[in-house]
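Have a look at target.cif; it's mmCIF, C-alpha atoms and all ligand atoms:
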data_my_file
#
loop_
_atom_site.label_atom_id
_atom_site.label_comp_id
_atom_site.auth_asym_id
_atom_site.auth_seq_id
_atom_site.Cartn_x
_atom_site.Cartn_y
_atom_site.Cartn_z
CA MET A 1 -1.11 -17.52 -13.41
CA SER A 2 -0.48 -14.42 -15.45
CA GLU A 3 2.47 -12.17 -14.85
CA ARG A 4 2.28 -9.88 -11.87
CA HIS A 5 0.86 -6.48 -12.75
CA VAL A 6 2.07 -3.16 -11.44
CA GLN A 7 0.19 0.13 -11.33
CA CYS A 8 1.95 3.28 -12.52
CA SER A 9 2.04 5.93 -9.80
CA ALA A 10 1.58 8.66 -12.40
CA CYS A 11 -1.16 7.41 -14.76
CA GLU A 12 -2.54 4.59 -12.52
CA VAL A 13 -2.65 2.14 -15.44
CA LEU A 14 -1.79 -1.48 -14.59
CA ARG A 15 0.75 -3.15 -16.82
CA PRO A 16 2.77 -6.37 -16.69
CA GLU A 17 5.71 -6.16 -14.32
CA SER A 18 8.16 -6.60 -17.22
CA GLU A 19 7.00 -3.19 -18.46
CA ALA A 20 7.20 -1.49 -15.05
CA HIS A 21 10.11 0.61 -13.77
CA ASN A 22 11.09 0.91 -10.14
CA ILE A 23 12.33 4.48 -9.70
CA PRO A 24 13.42 5.79 -6.28
CA THR A 25 10.75 8.27 -5.27
CA LEU A 26 10.79 10.78 -2.45
CA ALA A 27 8.13 10.18 0.20
CA GLY A 28 8.47 12.72 2.96
CA GLU A 29 12.15 12.69 3.91
CA GLN A 30 13.10 9.34 2.47
CA TYR A 31 13.38 7.61 -0.85
CA VAL A 32 11.17 4.58 -1.39
CA ASP A 33 10.32 2.30 -4.31
CA GLY A 34 8.12 4.06 -6.86
CA TYR A 35 6.54 2.19 -9.73
CA TYR A 36 6.02 3.74 -13.15
CA CYS A 37 5.14 2.76 -16.68
CA SER A 38 7.64 3.36 -19.49
CA ALA A 39 5.93 6.63 -20.41
CA HIS A 40 6.34 8.12 -16.92
CA ALA A 41 9.60 6.58 -15.67
CA GLY A 42 11.72 9.27 -17.33
CA ALA A 43 9.96 12.13 -15.59
CA ALA A 44 10.21 10.32 -12.24
CA LEU A 45 13.96 9.90 -12.75
CA ASP A 46 14.30 13.55 -13.73
CA ALA A 47 12.49 14.57 -10.54
CA ALA A 48 14.73 12.43 -8.33
CA ARG A 49 17.83 13.72 -10.10
CA ALA A 50 16.77 17.36 -9.73
CA HIS A 51 16.00 16.82 -6.05
CA VAL A 52 19.36 15.20 -5.31
CA ALA A 53 21.21 17.88 -7.27
CA GLY A 54 19.44 20.54 -5.20
CA LEU A 55 20.17 19.11 -1.76
CA ASP A 56 21.82 21.68 0.49
CA PHE A 57 24.14 20.14 3.06
CA GLU A 58 25.21 23.51 4.43
CA ASP A 59 21.76 24.55 5.61
CA ASP A 60 21.52 23.48 9.25
CA THR A 61 17.79 24.15 9.34
CA ARG A 62 17.17 21.28 6.94
CA ASP A 63 18.16 17.65 7.12
CA ASP A 64 19.18 17.00 3.56
CA MET A 65 21.33 14.06 4.61
CA MET A 66 18.35 11.80 5.22
CA PRO A 67 17.04 11.69 1.64
CA LEU A 68 20.54 11.05 0.31
CA VAL A 69 21.25 8.27 2.80
CA THR A 70 17.92 6.57 2.15
CA LEU A 71 18.43 6.80 -1.61
CA HIS A 72 21.79 5.02 -1.33
CA ALA A 73 20.35 2.40 1.03
CA LEU A 74 17.39 1.78 -1.27
CA VAL A 75 19.31 1.24 -4.50
CA ARG A 76 21.90 -0.85 -2.63
CA ALA A 77 19.17 -3.07 -1.22
CA ARG A 78 17.93 -3.51 -4.79
CA GLY A 79 21.38 -4.56 -6.01
CA LEU A 80 22.93 -1.34 -7.31
CA MET A 81 26.20 -0.51 -5.54
CA SER A 82 28.10 2.76 -5.69
CA GLU A 83 31.34 0.72 -5.63
CA SER A 84 30.48 -0.56 -9.09
CA LEU A 85 30.56 2.91 -10.63
CA ASP A 86 33.21 3.13 -13.31
CA PRO A 87 34.72 5.65 -13.36
CA PRO A 88 34.20 6.45 -9.66
CA ALA A 89 32.17 9.58 -8.93
CA PRO A 90 34.26 12.73 -8.43
CA GLY A 91 34.40 14.96 -5.35
CA GLU A 92 34.99 14.58 -1.64
CA GLY A 93 32.79 13.83 1.34
CA LEU A 94 29.11 14.55 0.91
CA GLU A 95 29.63 15.97 -2.56
CA ARG A 96 31.04 12.63 -3.61
CA VAL A 97 28.09 10.81 -2.07
CA ARG A 98 25.76 13.11 -3.98
CA ASN A 99 27.63 12.53 -7.23
CA GLU A 100 27.45 8.78 -6.66
CA ALA A 101 23.70 9.05 -6.21
CA LEU A 102 23.38 11.05 -9.43
CA ALA A 103 25.48 8.48 -11.31
CA LEU A 104 23.38 5.62 -9.91
CA LEU A 105 20.19 7.39 -10.98
CA ASP A 106 21.63 7.80 -14.47
CA LEU A 107 22.21 4.04 -14.60
CA LEU A 108 18.49 3.54 -14.10
CA ARG A 109 17.85 4.90 -17.58
CA HIS A 110 19.22 1.57 -18.85
CA THR A 111 18.91 -0.72 -15.82
CA ARG A 112 15.84 -1.85 -13.93
CA LEU A 113 15.65 -2.18 -10.19
CA PRO A 114 13.70 -5.27 -9.17
CA ILE A 115 10.33 -4.99 -7.45
CA VAL A 116 11.02 -7.09 -4.37
CA GLU A 117 7.90 -6.81 -2.25
CA PRO A 118 5.43 -9.71 -1.85
CA SER A 119 2.37 -10.04 -4.00
CA ALA A 120 -1.33 -10.05 -3.24
CA LEU A 121 -3.96 -11.54 -5.52
CA CYS A 122 -6.89 -9.49 -6.80
CA SER A 123 -10.06 -11.46 -6.14
CA GLY A 124 -11.76 -9.75 -9.07
CA CYS A 125 -9.43 -10.53 -11.98
CA TYR A 126 -7.04 -12.97 -10.25
CA ARG A 127 -3.96 -11.02 -11.23
CA ALA A 128 -1.18 -10.64 -8.70
CA VAL A 129 -0.12 -7.11 -7.79
CA PRO A 130 2.48 -5.79 -5.35
CA ALA A 131 1.08 -5.98 -1.84
CA SER A 132 1.42 -2.23 -1.34
CA GLN A 133 -0.88 -1.62 -4.32
CA VAL A 134 -3.73 -3.94 -3.41
CA ARG A 135 -6.88 -2.24 -2.13
CA VAL A 136 -8.67 -3.87 0.78
CA ILE A 137 -12.45 -3.43 0.70
CA PRO A 138 -15.59 -4.93 2.25
CA TRP A 139 -17.42 -7.38 0.02
CA PHE A 140 -20.72 -9.06 0.74
CA ASN A 141 -20.46 -12.85 0.82
CA ASP A 142 -23.84 -14.50 0.37
CA HIS A 143 -22.82 -17.79 1.99
CA ALA A 144 -21.49 -16.09 5.09
CA ALA A 145 -24.24 -13.46 4.99
CA ALA A 146 -21.63 -10.95 6.04
CA PHE A 147 -19.22 -8.40 4.65
CA VAL A 148 -15.80 -9.97 4.37
CA THR A 149 -12.43 -8.61 3.41
CA THR A 150 -11.47 -8.82 -0.21
CA PHE A 151 -8.50 -7.64 -2.24
CA ARG A 152 -8.85 -5.66 -5.45
CA CYS A 153 -6.33 -4.31 -7.92
CA GLY A 154 -6.54 -0.76 -9.18
CA ASP A 155 -8.60 -1.85 -12.18
CA CYS A 156 -11.25 -3.79 -10.24
CA PHE A 157 -11.41 -1.63 -7.14
CA ALA A 158 -13.96 0.99 -8.22
CA ALA A 159 -16.57 -1.42 -9.61
CA SER A 160 -16.37 -3.70 -6.59
CA LEU A 161 -16.67 -0.83 -4.17
CA ALA A 162 -19.72 0.36 -6.10
CA ASP A 163 -21.31 -3.07 -5.53
CA THR A 164 -20.67 -2.77 -1.82
CA ARG A 165 -22.09 0.74 -1.80
CA ALA A 166 -25.26 -0.51 -3.52
CA ARG A 167 -25.57 -3.19 -0.83
CA LEU A 168 -25.43 -0.48 1.79
CA THR A 169 -27.78 1.90 0.01
CA PHE A 170 -30.50 -0.63 -0.77
CA GLY A 171 -29.90 -3.09 2.06
CA GLY A 172 -31.87 -3.36 5.26
CA PRO A 173 -30.83 -2.96 8.89
CA GLY A 174 -28.92 -6.26 8.66
CA GLU A 175 -26.60 -4.97 5.94
CA VAL A 176 -26.00 -1.76 7.88
CA ALA A 177 -25.10 -3.68 11.03
CA ARG A 178 -22.84 -6.14 9.22
CA LEU A 179 -20.97 -3.44 7.38
CA ALA A 180 -20.46 -1.58 10.65
CA GLU A 181 -19.10 -4.78 12.18
CA PHE A 182 -16.78 -5.23 9.20
CA PHE A 183 -15.28 -1.80 9.81
CA HIS A 184 -15.08 -2.51 13.51
CA ARG A 185 -12.97 -5.59 12.77
CA HIS A 186 -10.64 -3.28 10.87
CA ALA A 187 -10.42 -0.96 13.87
CA VAL A 188 -12.71 1.64 12.29
CA THR A 189 -15.42 1.85 14.90
CA ILE A 190 -18.69 3.62 14.13
CA HIS A 191 -19.65 4.83 17.55
CA GLU A 192 -23.29 5.43 16.60
CA HIS A 193 -23.62 1.76 15.69
CA ARG A 194 -21.96 0.52 18.86
CA ARG A 195 -24.29 2.53 21.07
CA GLY A 196 -27.35 1.26 19.19
CA ASP A 197 -28.45 4.19 17.06
CA PRO A 198 -31.03 3.27 14.36
CA PRO A 199 -29.76 2.06 10.97
CA GLU A 200 -30.81 5.27 9.25
CA ALA A 201 -28.39 7.18 11.47
CA VAL A 202 -25.57 4.73 10.86
CA ARG A 203 -26.01 4.29 7.10
CA PRO A 204 -24.68 7.75 6.07
CA LEU A 205 -21.65 7.28 8.34
CA LEU A 206 -20.87 4.01 6.60
CA ALA A 207 -21.32 5.72 3.24
CA LEU A 208 -18.76 8.25 4.41
CA ALA A 209 -16.34 5.46 5.32
CA LEU A 210 -16.79 4.04 1.81
CA ASP A 211 -16.09 7.51 0.39
CA HIS A 212 -12.81 7.58 2.28
CA LEU A 213 -11.94 4.11 1.01
CA ALA A 214 -12.64 5.24 -2.54
CA ALA A 215 -10.53 8.35 -2.15
CA GLY A 216 -7.68 6.46 -0.49
CA THR A 217 -7.85 8.62 2.64
CA LEU A 218 -8.82 5.46 4.52
CA LYS A 219 -6.68 2.46 3.77
CA LEU A 220 -7.51 -0.87 5.36
CA GLN A 221 -4.57 -3.03 6.23
CA ILE A 222 -3.94 -6.18 4.29
CA GLY A 223 -3.60 -8.14 7.52
CA GLU A 224 -5.67 -8.12 10.69
CA THR A 225 -8.53 -9.73 8.83
CA VAL A 226 -10.95 -12.37 9.94
CA PRO A 227 -10.80 -15.49 7.78
CA LEU A 228 -14.00 -16.36 6.00
CA ASN A 229 -14.40 -19.59 7.98
CA ASP A 230 -14.41 -17.65 11.24
CA VAL A 231 -17.18 -15.41 9.95
CA ARG A 232 -19.18 -18.43 8.83
CA SER A 233 -18.84 -20.26 12.11
CA ALA A 234 -19.90 -17.27 14.18
CA PRO A 235 -22.23 -15.24 11.96
CA SER A 236 -23.94 -13.39 14.80
CA GLY A 237 -21.24 -13.44 17.42
CA PRO A 238 -19.42 -10.44 18.79
CA PRO A 239 -16.24 -9.24 17.12
CA PRO A 240 -13.25 -11.38 18.02
CA ALA A 241 -11.95 -10.56 21.45
CA ALA A 242 -8.40 -10.77 20.19
CA ALA A 243 -8.96 -8.03 17.65
CA PRO A 244 -5.98 -5.73 18.00
CA ALA A 245 -6.56 -2.18 19.02
CA PRO A 246 -5.82 0.41 16.38
CA SER A 247 -2.21 1.31 16.94
CA THR A 248 -1.36 2.99 13.68
CA PRO A 249 -3.25 5.65 11.77
CA PRO A 250 -4.23 4.89 8.19
CA GLU A 251 -1.31 5.15 5.83
CA PRO A 252 -1.20 8.11 3.48
CA ALA A 253 -2.70 7.36 0.12
CA ALA A 254 -0.48 5.52 -2.31
CA ALA A 255 2.56 5.64 -0.05
CA PRO A 256 4.82 2.71 -0.84
CA PRO A 257 6.24 0.80 2.10
CA PRO A 258 9.44 2.03 3.74
CA ALA A 259 12.50 1.04 1.77
CA ALA A 260 14.67 -0.22 4.59
CA PRO A 261 13.40 -3.49 6.09
CA GLU A 262 13.74 -2.43 9.70
CA PRO A 263 12.50 -4.70 12.45
CA ARG A 264 9.13 -3.53 13.64
CA PRO A 265 6.93 -4.57 16.52
CA GLY A 266 4.09 -6.83 15.57
CA PRO A 267 3.81 -9.13 12.59
CA SER A 268 5.77 -8.24 9.50
CA LEU A 269 4.00 -7.41 6.27
CA TRP A 270 5.00 -10.80 4.96
CA GLN A 271 3.60 -12.57 8.01
CA ARG A 272 0.37 -10.67 7.68
CA ILE A 273 0.15 -11.56 4.00
CA ARG A 274 0.74 -15.22 4.82
CA ARG A 275 -2.03 -15.04 7.37
CA ALA A 276 -4.29 -13.26 4.92
CA PHE A 277 -3.82 -16.19 2.57
CA GLY A 278 -4.54 -18.62 5.36
CA ARG A 279 -1.03 -19.92 5.82
CA SER A 280 -0.01 -20.36 9.39
CA GLY A 281 3.47 -19.98 10.76
CA ASP A 282 5.07 -16.81 11.98
ZN ZN B 1 2.20 5.84 -16.34
ZN ZN B 2 -8.29 -6.99 -10.50
#
In structure tokens, what does this structure look like?
Amino acid sequence: MSERHVQCSACEVLRPESEAHNIPTLAGEQYVDGYYCSAHAGAALDAARAHVAGLDFEDDTRDDMMPLVTLHALVRARGLMSESLDPPAPGEGLERVRNEALALLDLLRHTRLPIVEPSALCSGCYRAVPASQVRVIPWFNDHAAAFVTTFRCGDCFAASLADTRARLTFGGPGEVARLAEFFHRHAVTIHEHRRGDPPEAVRPLLALALDHLAAGTLKLQIGETVPLNDVRSAPSGPPPAAAPAPSTPPEPAAAPPPAAPEPRPGPSLWQRIRRAFGRSGD
């Protein structure tokens, strides 16, 4: 298998992981892994550095501690310790913590943080990409005569989604119904389909859902999928009764996963990936 490929957050080009840089990137109030190509890593580091240098710990109306704490936790989890700084960063208290963060960021001009998250395989080009970067889309499977979940990398995503859109545009009532059921399995319920509206009323709503997928404003989860064998064995059955209710809104576009591996309710990302690849065991 070829080397894992990583998409640059700035230019969106996929390159081999050995050419990718993991630069702490601010997402909301916390720092998370951000992946960049060599051409854009410097600017990402400059942005993080400028942000940390501008944190204001005196302003009680802002919580500028959180970004700093998450930055330290992130680089530590990736193997970069402030204790290893030589000479030690100057200052006292929070100023010292800030200076340590700045010194650690400067190290990243010569050191690479590892990309530690699990991989997912693109079904179009068979390259592995970080799980957070894989795009989950509906794909028509002729054998199952149904839309099934498939994974695409950033390079293959647009063309494959265009195929699915053509299926919807030129397909009959069966395609409309099956695509609506696909989205229902992913907890995106088209009410007009469920109550039995005609296909011509449902089709534009499905086209809208595909638009949101294309734009990244709707992101299907990598887990919670129905294995192909289940679809084949029950091609006309109702959606699985055990389908979980939607408990989380779609993630914001391109947001990397949280840096700190905190225990969460429900299956972990890794468990869901194992399930997605058909491996049992929680
Ligand atoms: Zn780039
Ligand atoms: Zn691909």
Sorted by chain and rising residue number, which residues of chain A lie within 9 Å of ligand ZN 2 (chain B), and what are their closest atom pairs and distances in Å to one decimal, counting all atoms listed in the file, as CSV?
residue,atom,partner,partner_atom,distance
A:Leu121,CA,B:ZN2,ZN,8.0
A:Cys122,CA,B:ZN2,ZN,4.7
A:Ser123,CA,B:ZN2,ZN,6.5
A:Gly124,CA,B:ZN2,ZN,4.7
A:Cys125,CA,B:ZN2,ZN,4.0
A:Tyr126,CA,B:ZN2,ZN,6.1
A:Arg127,CA,B:ZN2,ZN,6.0
A:Ala128,CA,B:ZN2,ZN,8.2
A:Val129,CA,B:ZN2,ZN,8.6
A:Val134,CA,B:ZN2,ZN,9.0
A:Phe151,CA,B:ZN2,ZN,8.3
A:Arg152,CA,B:ZN2,ZN,5.3
A:Cys153,CA,B:ZN2,ZN,4.2
A:Gly154,CA,B:ZN2,ZN,6.6
A:Asp155,CA,B:ZN2,ZN,5.4
A:Cys156,CA,B:ZN2,ZN,4.4
A:Phe157,CA,B:ZN2,ZN,7.1
Exercise. What is the atom CA of A:Gly93 to atom CA of A:Ala73 distance in Å?
Worked result: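 Taking atom CA of A:Gly93 and atom CA of A:Ala73, their separation equals 16.9 Å.
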Given a cut-off of 12 Å, what residues near ligand ZN 1 (chain B) show up using all atoms listed in the file, put as a compact mmCIF listing (two decimals) with C-alpha atoms, keeping the file's coordinate frame?
# COMPACT_ATOMS: atom_id res chain seq x y z
CA VAL A 6 2.07 -3.16 -11.44
CA GLN A 7 0.19 0.13 -11.33
CA CYS A 8 1.95 3.28 -12.52
CA SER A 9 2.04 5.93 -9.80
CA ALA A 10 1.58 8.66 -12.40
CA CYS A 11 -1.16 7.41 -14.76
CA GLU A 12 -2.54 4.59 -12.52
CA VAL A 13 -2.65 2.14 -15.44
CA LEU A 14 -1.79 -1.48 -14.59
CA ARG A 15 0.75 -3.15 -16.82
CA GLU A 19 7.00 -3.19 -18.46
CA ALA A 20 7.20 -1.49 -15.05
CA HIS A 21 10.11 0.61 -13.77
CA ASN A 22 11.09 0.91 -10.14
CA GLY A 34 8.12 4.06 -6.86
CA TYR A 35 6.54 2.19 -9.73
CA TYR A 36 6.02 3.74 -13.15
CA CYS A 37 5.14 2.76 -16.68
CA SER A 38 7.64 3.36 -19.49
CA ALA A 39 5.93 6.63 -20.41
CA HIS A 40 6.34 8.12 -16.92
CA ALA A 41 9.60 6.58 -15.67
CA GLY A 42 11.72 9.27 -17.33
CA ALA A 43 9.96 12.13 -15.59
CA ALA A 44 10.21 10.32 -12.24
For this session: Determine, counting only C-alpha atoms, which protein, DNA and RNA residues have an atom within 12 Å of an atom of A:Pro114; residues of the same chain fewer than 2 positions away are not included. Present the result as a count of residues only.
Result: 25
Seminar exercise, completed: One residue among A:Ser119, A:Ser84, A:Thr25, A:Thr149 is nearest to A:Leu161 when using all atoms listed in the file, and that residue is A:Thr149
For this session: May I ask for the distance between atom CA of A:Leu94 and atom CA of A:Met65, given in Å to one decimal place?
Result: 8.6 Å
Exercise. Do you know which residues are at most 9 Å from A:His72 counting only C-alpha atoms, after dropping those on the same chain fewer than 5 positions away, and could you put them as a PyMOL selection string?
Worked result: chain A and resi 31+67+77+80-82+97+100-101+104
For this session: Identify the residues around (-21.1, -1.9, 11.0) within a radius of 12 Å, measuring from all atoms listed in the file in the coordinates stated by the file, and give them as a VMD selection string.
Result: chain A and resid 138 146 to 148 168 173 to 199 201 to 207 209 to 210 238 to 239
Exercise. Closest to A:Leu85 among A:Leu220, A:Leu107, A:Met66, A:Ala144, using all atoms listed in the file?
Worked result: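 Once distances to A:Leu85 are computed over all atoms listed in the file, the minimum belongs to A:Leu107.
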Problem set entry | Of the listed residues A:Gly91, A:Asp211, A:Ala131, A:Glu29, that which approaches A:Ile115 most closely, counting all atoms listed in the file |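 Of A:Gly91, A:Asp211, A:Ala131, A:Glu29, the one nearest A:Ile115 is A:Ala131, counting all atoms listed in the file.
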Problem set entry | Computed interatomic separation between atom CA of A:Gly172 and atom CA of A:Ala145 (Å) | 12.7 Å
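If you measure from each of A:Ala158, A:Ala120, A:Val69, A:Leu45 to A:Leu105 using all atoms listed in the file, the closest one turns out to be A:Leu45.
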